[in-house]
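K.L.:
What follows is start-v2.txt, made up of compact mmCIF, C-alpha atoms:
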# COMPACT_ATOMS: atom_id res chain seq x y z
CA MET N 1 -21.08 137.20 -180.33
CA THR N 2 -17.65 135.86 -181.28
CA TYR N 3 -16.88 132.27 -182.23
CA PHE N 4 -15.23 131.70 -178.85
CA GLU N 5 -18.33 132.97 -177.09
CA HIS N 6 -20.42 130.52 -179.15
CA LEU N 7 -18.05 127.62 -178.54
CA PRO N 8 -19.39 126.41 -175.14
CA PHE N 9 -22.90 126.32 -176.62
CA LEU N 10 -21.79 124.70 -179.86
CA GLU N 11 -20.01 121.97 -177.92
CA ASN N 12 -23.19 121.17 -176.03
CA ILE N 13 -25.48 120.95 -179.05
CA PRO N 14 -24.72 117.28 -179.94
CA ALA N 15 -25.49 116.14 -176.40
CA TYR N 16 -28.60 118.32 -176.35
CA ALA N 17 -29.82 116.75 -179.58
CA LEU N 18 -29.42 113.33 -177.91
CA GLY N 19 -31.28 114.52 -174.82
CA ALA N 20 -28.17 113.86 -172.73
CA LEU N 21 -27.28 117.38 -171.64
CA ASP N 22 -27.53 118.00 -167.89
CA ALA N 23 -30.45 120.19 -166.86
CA LYS N 24 -28.40 123.27 -165.96
CA ASP N 25 -26.46 123.24 -169.24
CA ALA N 26 -29.66 122.52 -171.18
CA ALA N 27 -31.38 125.58 -169.67
CA ALA N 28 -28.43 127.80 -170.60
CA LEU N 29 -28.35 126.43 -174.13
CA GLU N 30 -32.10 126.89 -174.60
CA ALA N 31 -31.77 130.53 -173.53
CA HIS N 32 -28.95 130.98 -176.04
CA LEU N 33 -30.88 129.25 -178.84
CA ARG N 34 -33.67 131.78 -178.53
CA THR N 35 -31.31 134.49 -179.75
CA CYS N 36 -28.86 132.61 -181.98
CA ALA N 37 -29.98 131.52 -185.45
CA SER N 38 -26.68 129.79 -186.35
CA CYS N 39 -26.84 127.60 -183.25
CA ARG N 40 -30.45 126.77 -184.07
CA ASP N 41 -29.31 125.63 -187.52
CA GLU N 42 -26.57 123.56 -185.94
CA LEU N 43 -29.08 121.97 -183.61
CA ALA N 44 -31.42 121.22 -186.52
CA ALA N 45 -28.61 119.35 -188.25
CA TYR N 46 -27.85 117.24 -185.16
CA ARG N 47 -31.57 116.70 -184.59
CA LEU N 48 -31.73 115.14 -188.03
CA THR N 49 -29.02 112.75 -186.92
CA SER N 50 -30.71 111.94 -183.61
CA ASP N 51 -34.08 111.54 -185.31
CA ASN N 52 -32.55 109.03 -187.66
CA LEU N 53 -31.12 107.15 -184.71
CA LEU N 54 -34.73 106.33 -183.93
CA MET N 55 -34.91 104.55 -187.26
CA SER N 56 -31.67 102.64 -187.01
CA LEU N 57 -33.24 99.48 -185.64
CA PRO N 58 -34.60 96.65 -187.79
CA PRO N 59 -38.38 96.24 -187.30
CA GLN N 60 -39.56 93.81 -184.62
CA GLN N 61 -43.14 92.62 -184.66
CA PRO N 62 -44.89 92.34 -181.29
CA SER N 63 -47.35 89.54 -180.56
CA THR N 64 -50.62 89.53 -182.50
CA ALA N 65 -52.43 89.86 -179.17
CA LEU N 66 -51.22 93.46 -178.89
CA ARG N 67 -53.32 94.51 -181.89
CA GLN N 68 -56.36 92.81 -180.35
CA ARG N 69 -55.73 94.52 -177.00
CA LEU N 70 -55.51 97.88 -178.74
CA GLN N 71 -58.71 97.23 -180.69
CA ARG N 72 -60.50 96.46 -177.44
CA ARG N 73 -59.51 99.93 -176.21
CA LEU N 74 -61.14 101.63 -179.19
CA PRO N 75 -64.62 103.17 -178.85
CA SER N 76 -66.39 100.72 -181.19
CA ALA N 77 -65.24 97.73 -179.11
CA GLN N 78 -66.24 99.47 -175.91
CA LYS N 79 -69.65 100.33 -177.35
CA ALA N 80 -70.08 96.68 -178.34
CA ALA N 81 -69.16 95.63 -174.83
CA ARG N 82 -71.42 98.21 -173.15
CA PRO N 83 -74.78 96.51 -173.95
CA ARG N 84 -73.52 93.37 -172.28
CA LEU N 85 -72.67 95.44 -169.22
CA ASN N 86 -76.09 97.11 -169.39
CA TRP N 87 -77.77 93.75 -169.79
CA SER N 88 -75.88 92.40 -166.85
CA PHE N 89 -76.73 95.50 -164.83
CA ARG N 90 -80.37 95.23 -165.90
CA ARG N 91 -80.51 91.62 -164.79
CA VAL N 92 -79.04 92.51 -161.44
CA ALA N 93 -81.49 95.43 -161.12
CA VAL N 94 -84.47 93.22 -162.01
CA GLY N 95 -83.30 90.58 -159.56
CA MET N 96 -82.92 93.19 -156.84
CA ALA N 97 -86.39 94.58 -157.61
CA ILE N 98 -87.95 91.10 -157.39
CA LEU N 99 -86.19 90.45 -154.08
CA LEU N 100 -87.37 93.82 -152.81
CA LEU N 101 -90.96 93.06 -153.86
CA LEU N 102 -90.80 89.66 -152.19
CA ALA N 103 -89.46 91.23 -149.01
CA LEU N 104 -92.20 93.88 -149.12
CA ASN N 105 -94.82 91.16 -149.66
CA MET N 106 -93.52 89.14 -146.73
CA PHE N 107 -93.49 92.25 -144.58
CA SER N 108 -97.06 93.09 -145.65
CA ILE N 109 -98.27 89.56 -144.91
CA LEU N 110 -96.70 89.67 -141.45
CA GLN N 111 -98.21 93.10 -140.85
CA VAL N 112 -101.67 91.90 -141.94
CA ARG N 113 -101.38 88.88 -139.65
CA ALA N 114 -100.37 91.06 -136.71
CA LEU N 115 -103.22 93.46 -137.45
CA ARG N 116 -105.72 90.61 -137.70
CA SER N 117 -104.50 89.20 -134.40
CA GLN N 118 -104.83 92.63 -132.77
CA GLN N 119 -108.25 93.05 -134.37
CA ALA N 120 -109.42 89.68 -133.00
CA GLN N 121 -108.17 90.57 -129.53
CA LEU N 122 -109.91 93.94 -129.69
CA MET N 123 -113.13 92.27 -130.82
CA ASP N 124 -112.87 89.88 -127.86
CA GLN N 125 -112.32 92.82 -125.54
CA ILE N 126 -115.32 94.66 -127.04
CA GLN N 127 -117.52 91.59 -126.67
CA ASN N 128 -116.32 91.07 -123.12
CA GLY N 129 -116.91 94.75 -122.38
CA GLN N 130 -120.40 94.49 -123.83
CA LEU N 131 -121.04 91.43 -121.69
CA ALA N 132 -119.88 93.35 -118.64
CA LEU N 133 -122.18 96.25 -119.53
CA VAL N 134 -125.14 93.93 -120.03
CA MET N 135 -124.42 92.29 -116.69
CA LEU N 136 -124.26 95.65 -114.94
CA SER N 137 -127.76 96.37 -116.24
CA TYR N 138 -129.14 93.21 -114.61
CA PRO N 139 -130.62 93.78 -111.16
CA HIS N 140 -129.16 90.54 -109.76
CA THR N 141 -125.60 91.12 -110.84
CA GLN N 142 -123.19 91.30 -107.94
CA SER N 143 -119.91 93.22 -108.03
CA PHE N 144 -116.94 92.08 -105.97
CA PRO N 145 -113.93 94.38 -105.75
CA ILE N 146 -110.45 93.01 -106.42
CA LYS N 147 -107.54 94.58 -104.56
CA ALA N 148 -104.27 92.76 -104.75
CA GLU N 149 -100.66 93.69 -105.15
CA ASN N 150 -100.37 95.53 -108.55
CA VAL N 151 -103.87 94.47 -109.62
CA THR N 152 -107.27 96.08 -109.02
CA GLY N 153 -110.64 95.45 -110.61
CA SER N 154 -113.98 93.76 -110.15
CA LEU N 155 -115.70 90.49 -110.56
CA LEU N 156 -119.21 90.82 -112.00
CA LEU N 157 -121.26 87.78 -111.04
CA ASP N 158 -124.80 86.91 -112.11
CA LYS N 159 -125.66 83.55 -110.62
CA GLU N 160 -129.19 83.67 -112.08
CA TYR N 161 -127.92 83.70 -115.67
CA ASN N 162 -124.70 81.84 -114.78
CA ASN N 163 -122.40 84.63 -116.06
CA ALA N 164 -119.24 86.06 -114.53
CA VAL N 165 -116.76 88.58 -115.92
CA LEU N 166 -113.41 89.67 -114.51
CA ILE N 167 -112.40 93.29 -115.09
CA LEU N 168 -108.74 93.80 -114.21
CA ARG N 169 -106.44 96.84 -114.23
CA GLY N 170 -102.68 96.85 -113.90
CA LEU N 171 -102.20 93.15 -114.51
CA PRO N 172 -98.43 92.82 -115.14
CA SER N 173 -97.23 91.38 -118.46
CA ILE N 174 -95.98 87.84 -118.24
CA PRO N 175 -93.18 85.81 -119.96
CA GLU N 176 -94.10 83.80 -123.06
CA ASP N 177 -93.64 80.50 -121.21
CA GLN N 178 -96.22 81.46 -118.53
CA THR N 179 -99.92 82.34 -118.40
CA TYR N 180 -102.50 83.59 -115.92
CA GLN N 181 -105.10 80.96 -115.05
CA VAL N 182 -108.54 81.65 -113.46
CA TRP N 183 -109.95 79.14 -110.98
CA LEU N 184 -113.44 78.60 -109.57
CA ILE N 185 -113.26 77.51 -105.94
CA ALA N 186 -115.71 74.86 -104.70
CA PRO N 187 -116.93 74.81 -101.06
CA ASN N 188 -114.59 71.89 -100.40
CA GLY N 189 -111.63 73.91 -101.66
CA GLU N 190 -111.37 72.09 -104.97
CA ARG N 191 -110.26 74.30 -107.90
CA THR N 192 -111.73 74.09 -111.38
CA SER N 193 -110.05 75.87 -114.28
CA ALA N 194 -112.13 78.79 -115.63
CA GLY N 195 -109.86 79.99 -118.40
CA LEU N 196 -106.42 81.36 -119.33
CA LEU N 197 -105.60 84.95 -120.07
CA ARG N 198 -102.71 87.20 -121.05
CA PRO N 199 -102.81 90.97 -120.50
CA GLN N 200 -102.74 93.19 -123.63
CA THR N 201 -99.88 95.66 -123.42
CA ASN N 202 -101.79 98.32 -125.39
CA LEU N 203 -104.92 98.27 -123.23
CA PRO N 204 -105.34 99.87 -119.79
CA PHE N 205 -107.66 97.07 -118.58
CA ILE N 206 -108.71 93.59 -119.45
CA SER N 207 -112.19 92.09 -119.27
CA GLU N 208 -112.37 88.32 -119.35
CA PRO N 209 -115.37 85.97 -118.90
CA VAL N 210 -115.11 83.30 -116.31
CA TYR N 211 -115.88 80.05 -118.12
CA SER N 212 -117.71 77.34 -116.29
CA THR N 213 -119.39 74.11 -117.39
CA GLN N 214 -121.16 73.98 -114.03
CA ASP N 215 -123.56 76.35 -112.32
CA LEU N 216 -121.73 79.12 -110.58
CA VAL N 217 -123.87 78.56 -107.55
CA ASN N 218 -121.75 75.48 -106.91
CA PHE N 219 -118.74 77.67 -106.21
CA VAL N 220 -117.80 79.98 -103.39
CA GLY N 221 -114.98 81.99 -104.88
CA VAL N 222 -112.70 82.86 -107.81
CA GLY N 223 -108.90 82.97 -107.82
CA MET N 224 -106.06 83.54 -110.26
CA THR N 225 -102.53 82.10 -110.32
CA VAL N 226 -99.49 82.15 -112.57
CA GLU N 227 -99.07 78.83 -114.39
CA PRO N 228 -96.90 77.39 -117.15
CA ALA N 229 -98.03 78.24 -120.70
CA GLY N 230 -101.02 76.07 -121.62
CA GLY N 231 -102.34 76.01 -118.06
CA SER N 232 -102.38 73.43 -115.27
CA ASP N 233 -104.93 70.93 -113.90
CA HIS N 234 -104.69 72.54 -110.49
CA PRO N 235 -102.99 75.66 -109.15
CA THR N 236 -99.20 75.34 -108.92
CA GLY N 237 -97.86 78.88 -109.14
CA GLN N 238 -98.04 82.25 -107.42
CA GLN N 239 -101.52 83.42 -106.42
CA ILE N 240 -102.48 86.83 -107.84
CA PHE N 241 -105.81 87.28 -106.03
CA ARG N 242 -108.71 85.42 -104.49
CA ILE N 243 -112.33 86.57 -104.06
CA ASP N 244 -114.93 84.84 -101.97
CA PHE N 245 -118.60 85.32 -102.75
CA MET Q 1 -46.34 104.44 -196.80
CA PRO Q 2 -45.47 106.29 -199.97
CA GLU Q 3 -48.92 105.82 -201.49
CA ILE Q 4 -50.75 107.24 -198.46
CA ASP Q 5 -50.99 110.87 -197.45
CA GLU Q 6 -49.80 110.70 -193.83
CA ASP Q 7 -51.24 114.09 -193.00
CA GLN Q 8 -54.71 113.02 -194.12
CA LEU Q 9 -54.35 109.70 -192.37
CA VAL Q 10 -53.51 111.31 -189.02
CA LYS Q 11 -56.34 113.80 -189.46
CA ARG Q 12 -58.71 110.86 -189.86
CA VAL Q 13 -57.26 109.31 -186.71
CA ALA Q 14 -57.81 112.60 -184.90
CA GLN Q 15 -61.45 112.49 -186.05
CA GLY Q 16 -61.85 109.03 -184.50
CA ASP Q 17 -61.43 106.89 -187.61
CA GLU Q 18 -60.45 103.51 -186.18
CA HIS Q 19 -59.63 102.06 -189.58
CA ALA Q 20 -57.11 104.84 -190.16
CA PHE Q 21 -55.65 104.21 -186.71
CA LEU Q 22 -55.20 100.50 -187.39
CA THR Q 23 -53.65 101.31 -190.76
CA VAL Q 24 -51.00 103.41 -189.00
CA TYR Q 25 -50.54 100.63 -186.47
CA ASP Q 26 -50.03 97.97 -189.11
CA CYS Q 27 -47.53 100.13 -190.99
CA TYR Q 28 -45.40 101.28 -188.06
CA VAL Q 29 -45.80 98.88 -185.17
CA GLY Q 30 -42.65 96.98 -186.16
CA ARG Q 31 -40.52 100.13 -185.92
CA VAL Q 32 -42.13 101.30 -182.71
CA HIS Q 33 -41.79 97.92 -181.05
CA ALA Q 34 -38.17 97.56 -182.14
CA LEU Q 35 -37.40 100.83 -180.35
CA THR Q 36 -39.30 100.06 -177.15
CA LEU Q 37 -37.76 96.59 -177.07
CA ARG Q 38 -34.28 98.04 -177.53
CA ILE Q 39 -34.79 100.51 -174.70
CA LEU Q 40 -36.57 98.22 -172.25
CA GLY Q 41 -35.02 94.87 -173.19
CA ASP Q 42 -38.11 93.00 -171.94
CA PRO Q 43 -40.73 91.83 -174.47
CA MET Q 44 -43.68 92.29 -172.09
CA LEU Q 45 -42.64 95.76 -170.94
CA ALA Q 46 -41.88 96.67 -174.55
CA GLU Q 47 -45.37 95.60 -175.65
CA GLU Q 48 -46.89 97.73 -172.92
CA ALA Q 49 -44.83 100.72 -174.05
CA THR Q 50 -45.76 100.05 -177.68
CA GLN Q 51 -49.43 99.90 -176.72
CA ASP Q 52 -49.12 103.14 -174.74
CA THR Q 53 -47.45 104.78 -177.73
CA PHE Q 54 -50.35 103.95 -180.05
CA LEU Q 55 -52.90 104.93 -177.45
CA LYS Q 56 -51.17 108.31 -177.29
CA LEU Q 57 -51.44 108.51 -181.07
CA TRP Q 58 -55.16 107.76 -180.77
CA SER Q 59 -55.78 110.41 -178.14
CA ARG Q 60 -53.34 113.07 -179.36
CA ALA Q 61 -53.32 112.73 -183.13
CA TYR Q 62 -54.57 116.29 -183.39
CA LEU Q 63 -51.15 117.46 -182.12
CA TYR Q 64 -49.29 116.05 -185.11
CA LEU Q 65 -47.85 118.68 -187.46
CA ALA Q 66 -46.70 117.26 -190.78
CA GLU Q 67 -44.38 120.22 -191.45
CA ARG Q 68 -42.31 119.32 -188.37
CA GLY Q 69 -41.45 115.81 -189.49
CA SER Q 70 -42.73 112.48 -190.70
CA LEU Q 71 -45.40 110.53 -188.88
CA LEU Q 72 -42.92 107.74 -188.21
CA ILE Q 73 -40.41 110.10 -186.55
CA TRP Q 74 -43.25 111.56 -184.46
CA LEU Q 75 -44.38 108.09 -183.39
CA LEU Q 76 -40.84 106.96 -182.60
CA THR Q 77 -40.22 110.09 -180.55
CA ILE Q 78 -43.33 109.32 -178.51
CA ALA Q 79 -42.24 105.68 -178.22
CA ARG Q 80 -38.76 106.65 -177.01
CA ARG Q 81 -40.15 108.96 -174.32
CA THR Q 82 -42.73 106.40 -173.26
CA ALA Q 83 -40.14 103.64 -172.99
CA LEU Q 84 -37.63 105.85 -171.15
CA ASP Q 85 -40.33 106.89 -168.68
CA ARG Q 86 -41.06 103.23 -168.09
CA LEU Q 87 -37.36 102.49 -167.71
CA ARG Q 88 -37.08 105.20 -165.02
CA LEU Q 89 -40.21 103.90 -163.35
CA GLU Q 90 -38.70 100.44 -163.20
CA GLY Q 91 -35.52 101.99 -161.74
CA ARG Q 92 -33.32 99.73 -163.82
CA ARG Q 93 -29.62 100.38 -164.35
CA PRO Q 94 -28.33 100.39 -167.91
CA THR Q 95 -26.49 97.38 -169.24
CA LEU Q 96 -23.00 98.04 -170.53
CA SER Q 97 -22.86 95.45 -173.25
CA ASP Q 98 -22.41 96.40 -176.88
CA SER Q 99 -25.92 95.76 -178.06
CA GLU Q 100 -25.14 96.55 -181.70
CA ASP Q 101 -24.00 93.18 -182.87
CA PRO Q 102 -21.68 93.68 -185.88
CA ASP Q 103 -22.96 90.38 -187.30
CA GLU Q 104 -26.32 92.00 -187.75
CA THR Q 105 -24.89 94.66 -190.00
CA LEU Q 106 -26.86 94.72 -193.15
CA GLN Q 107 -25.51 92.78 -196.03
CA SER Q 108 -26.22 95.51 -198.55
CA ILE Q 109 -25.24 99.13 -198.26
CA PRO Q 110 -28.17 101.25 -199.28
CA ASP Q 111 -28.09 104.47 -201.20
CA ARG Q 112 -27.66 107.18 -198.57
CA ASN Q 113 -29.13 109.83 -200.79
CA SER Q 114 -32.43 107.95 -201.02
CA LEU Q 115 -35.18 109.71 -199.07
CA SER Q 116 -37.35 106.63 -198.59
CA GLU Q 117 -38.03 105.68 -194.99
CA GLU Q 118 -37.07 102.10 -195.69
CA ASP Q 119 -33.60 103.13 -196.82
CA ARG Q 120 -33.03 105.72 -194.12
CA TRP Q 121 -33.08 103.26 -191.25
CA GLN Q 122 -30.75 100.95 -193.11
CA SER Q 123 -28.40 103.83 -193.81
CA MET Q 124 -28.38 104.89 -190.17
CA HIS Q 125 -27.86 101.35 -189.05
CA PHE Q 126 -24.77 101.22 -191.22
CA ALA Q 127 -23.55 104.55 -189.85
CA ILE Q 128 -23.79 103.23 -186.30
CA GLN Q 129 -21.69 100.23 -187.23
CA ALA Q 130 -19.02 102.64 -188.37
CA LEU Q 131 -18.62 103.96 -184.81
CA SER Q 132 -16.09 102.49 -182.42
CA PRO Q 133 -17.51 100.19 -179.71
CA GLU Q 134 -16.83 102.94 -177.17
CA GLN Q 135 -18.75 105.49 -179.20
CA ARG Q 136 -21.63 103.08 -179.75
CA GLN Q 137 -21.79 102.51 -176.02
CA LEU Q 138 -22.01 106.24 -175.38
CA ILE Q 139 -24.80 106.64 -177.93
CA GLU Q 140 -26.56 103.64 -176.41
CA LEU Q 141 -26.42 105.06 -172.89
CA ALA Q 142 -27.44 108.55 -173.94
CA TYR Q 143 -30.11 107.84 -176.49
CA TYR Q 144 -31.49 104.40 -175.72
CA GLN Q 145 -31.04 104.47 -171.96
CA GLY Q 146 -31.89 108.16 -171.50
CA LEU Q 147 -28.87 108.97 -169.32
CA SER Q 148 -27.44 112.47 -169.02
CA GLN Q 149 -23.71 113.11 -169.49
CA SER Q 150 -23.21 113.21 -165.71
CA GLU Q 151 -25.03 109.91 -165.29
CA ILE Q 152 -22.96 108.35 -168.06
CA ALA Q 153 -19.80 109.57 -166.35
CA GLU Q 154 -21.00 107.92 -163.14
CA VAL Q 155 -21.92 104.66 -164.83
CA LEU Q 156 -18.68 104.37 -166.80
CA GLY Q 157 -16.45 105.89 -164.12
CA TRP Q 158 -15.09 108.44 -166.52
CA PRO Q 159 -14.45 112.15 -165.88
CA LEU Q 160 -17.39 114.27 -167.05
CA GLY Q 161 -15.17 116.17 -169.48
CA THR Q 162 -14.15 112.90 -171.13
CA VAL Q 163 -17.77 111.87 -171.58
CA LYS Q 164 -18.62 115.24 -173.12
CA THR Q 165 -15.70 115.11 -175.55
CA ARG Q 166 -16.29 111.50 -176.63
CA LEU Q 167 -20.04 111.88 -176.94
CA ARG Q 168 -19.61 114.97 -179.10
CA ALA Q 169 -17.09 113.10 -181.24
CA ALA Q 170 -19.51 110.19 -181.63
CA MET Q 171 -22.30 112.47 -182.77
CA GLU Q 172 -20.01 114.29 -185.19
CA ARG Q 173 -18.95 110.94 -186.60
CA LEU Q 174 -22.55 109.84 -187.01
CA ARG Q 175 -23.42 113.11 -188.66
CA ARG Q 176 -20.52 112.70 -191.07
CA GLU Q 177 -21.29 109.07 -191.77
CA TRP Q 178 -24.97 109.53 -192.30
CA GLY Q 179 -25.21 113.14 -193.40
CA PRO Q 180 -25.90 114.19 -196.98
CA LYS Q 181 -22.87 113.85 -199.18
Now, as a test, write the supplied structure out as structure tokens.

P.N.:
Amino acid sequence: MTYFEHLPFLENIPAYALGALDAKDAAALEAHLRTCASCRDELAAYRLTSDNLLMSLPPQQPSTALRQRLQRRLPSAQKAARPRLNWSFRRVAVGMAILLLLALNMFSILQVRALRSQQAQLMDQIQNGQLALVMLSYPHTQSFPIKAENVTGSLLLDKEYNNAVLILRGLPSIPEDQTYQVWLIAPNGERTSAGLLRPQTNLPFISEPVYSTQDLVNFVGVGMTVEPAGGSDHPTGQQIFRIDF
Amino acid sequence: MPEIDEDQLVKRVAQGDEHAFLTVYDCYVGRVHALTLRILGDPMLAEEATQDTFLKLWSRAYLYLAERGSLLIWLLTIARRTALDRLRLEGRRPTLSDSEDPDETLQSIPDRNSLSEEDRWQSMHFAIQALSPEQRQLIELAYYQGLSQSEIAEVLGWPLGTVKTRLRAAMERLRREWGPK
């Protein structure tokens, strides 16, 4: 290659050493440098100049905080900080575990209460069922069928032993602010409360004693109405059924 | 750091020796920060670029090859690229003032044949002062602002050929002024 062929490349070497050569010219020069030792030497000489440009400035100290920031980025500082993070995480984890245990305890207590309530209701039903069975075995027990809208069943009545049990099927569930109330009907039409009941949703039938402080012989019938929760002194709501005996 | 073997020091940094890393920092942070501050012109941005430069040293020390130049030159090269990248990211236009204040020219003229790092920067500083204001501006735009010749032509409103000629003349002058006698 002649001097004149080198010239365009030689002219670009100072700018290349400064990093100021445009991309297209830089690519051409780099291709030339791969095959031209003299141009590489020329570039090395200018590189020395440009490298020393880096050192032409008087030192300037940054703030002391920069050194501290850098130190915090080093592994030893991060290791020192990690236990605090772990401790913090551990505390959060322990707190969460305690909350979870408390929640589980509360849930268990509520479950036990619900189960006990269901157990008590089932025991009542069993006792009532046993009472009904005992009554059926007595020769003087009378059975009166109940056929009303949505409700069927029987009234078992033993006037000799002063016992009566209602066995009901299909009794509709009732809002929380209402209750079914059983009434004993006197010959003069007067009603005496004989108990409150609520149907159990998980049972196909309900058996409920008819409570009376008087002899049942003093009454001529049994009825049931819907009353406000807690019951009424006398019937005020919808009649469900009435049986005369 | 004449009393310290730079090659060994950087090898220790590459092996995760934090004390070695902070030794390099303490020795060279002034030079690195001077360069990033010169390029970015903003103390906060310059500190960020200086920090990034030393973090690159920490993570890439294994790339340093002593036979290709001094540790300081290597660090300053990283610092220049880091600061120029930040300058481009900020999208800032170069300022056209003559940032080499002649009043700051060093009072003493050092021995140019000395090979100590401390003398080299002083010698180069003096060489820059020997340039004309126009030549200093071209060097400033090319080297400290990272502009290409075409971009310099656009900024100054000069023909591209003029920029090429004057930039080449500035570099030749610097080479003559600073170069070994």

K.L.:
With all atoms listed in the file considered, list every residue of chain Q at most 7 Å from chain N, as a list in words.

P.N.:
Val29, Gly30, Arg31, His33, Ala34, Leu35, Glu47, Gln51, Ile73, Leu76, Trp121, Gln122, Met124, His125, Ala142, Tyr143, Gly146, Leu147, Ser148, Gln149, Ser150, Leu167, Arg168, Met171 and Arg175 of chain Q

K.L.:
Those residues with C-alpha atoms, as a PDB file, in the coordinates of the input please?

P.N.:
ATOM      1  CA  VAL Q  29     -45.800  98.880-185.170  1.00  0.00           C
ATOM      2  CA  GLY Q  30     -42.650  96.980-186.160  1.00  0.00           C
ATOM      3  CA  ARG Q  31     -40.520 100.130-185.920  1.00  0.00           C
ATOM      4  CA  HIS Q  33     -41.790  97.920-181.050  1.00  0.00           C
ATOM      5  CA  ALA Q  34     -38.170  97.560-182.140  1.00  0.00           C
ATOM      6  CA  LEU Q  35     -37.400 100.830-180.350  1.00  0.00           C
ATOM      7  CA  GLU Q  47     -45.370  95.600-175.650  1.00  0.00           C
ATOM      8  CA  GLN Q  51     -49.430  99.900-176.720  1.00  0.00           C
ATOM      9  CA  ILE Q  73     -40.410 110.100-186.550  1.00  0.00           C
ATOM     10  CA  LEU Q  76     -40.840 106.960-182.600  1.00  0.00           C
ATOM     11  CA  TRP Q 121     -33.080 103.260-191.250  1.00  0.00           C
ATOM     12  CA  GLN Q 122     -30.750 100.950-193.110  1.00  0.00           C
ATOM     13  CA  MET Q 124     -28.380 104.890-190.170  1.00  0.00           C
ATOM     14  CA  HIS Q 125     -27.860 101.350-189.050  1.00  0.00           C
ATOM     15  CA  ALA Q 142     -27.440 108.550-173.940  1.00  0.00           C
ATOM     16  CA  TYR Q 143     -30.110 107.840-176.490  1.00  0.00           C
ATOM     17  CA  GLY Q 146     -31.890 108.160-171.500  1.00  0.00           C
ATOM     18  CA  LEU Q 147     -28.870 108.970-169.320  1.00  0.00           C
ATOM     19  CA  SER Q 148     -27.440 112.470-169.020  1.00  0.00           C
ATOM     20  CA  GLN Q 149     -23.710 113.110-169.490  1.00  0.00           C
ATOM     21  CA  SER Q 150     -23.210 113.210-165.710  1.00  0.00           C
ATOM     22  CA  LEU Q 167     -20.040 111.880-176.940  1.00  0.00           C
ATOM     23  CA  ARG Q 168     -19.610 114.970-179.100  1.00  0.00           C
ATOM     24  CA  MET Q 171     -22.300 112.470-182.770  1.00  0.00           C
ATOM     25  CA  ARG Q 175     -23.420 113.110-188.660  1.00  0.00           C
TER      26      ARG Q 175
END

K.L.:
Take every atom of range 31-44 of chain N listed in the file, pad by 3 Å on each side, and give me the axis-aligned box centre and edge lengths in Å, one decimal, as JSON.

P.N.:
{"center_x": -30.1, "center_y": 127.9, "center_z": -180.5, "size_x": 13.1, "size_y": 19.3, "size_z": 20.0}

K.L.:
Anything within 12 Å of (-54.7, 110.3, -186.8): list those residues as an NGL selection string, counting all atoms listed in the file and sticking to the file's coordinates.

P.N.:
:Q and (5-25 or 54-66 or 71 or 74-75)

K.L.:
List as a PyMOL selection string the residues having at least one atom at most 12 Å from position (-108.0, 93.2, -127.5) as given in the file, counting only C-alpha atoms.

P.N.:
chain N and resi 115-129+197-208

K.L.:
Could you name the residues that touch Ala148 in chain N at 8 Å or less, counting only C-alpha atoms, but leaving out those on the same chain fewer than 4 positions away, as a count of residues only?

P.N.:
3

K.L.:
Quick one, how far is CA of Tyr28 in chain Q from CA of Thr50 in chain Q?

P.N.:
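Atom-to-atom, CA of Tyr28 in chain Q and CA of Thr50 in chain Q are spaced 10.5 Å apart.
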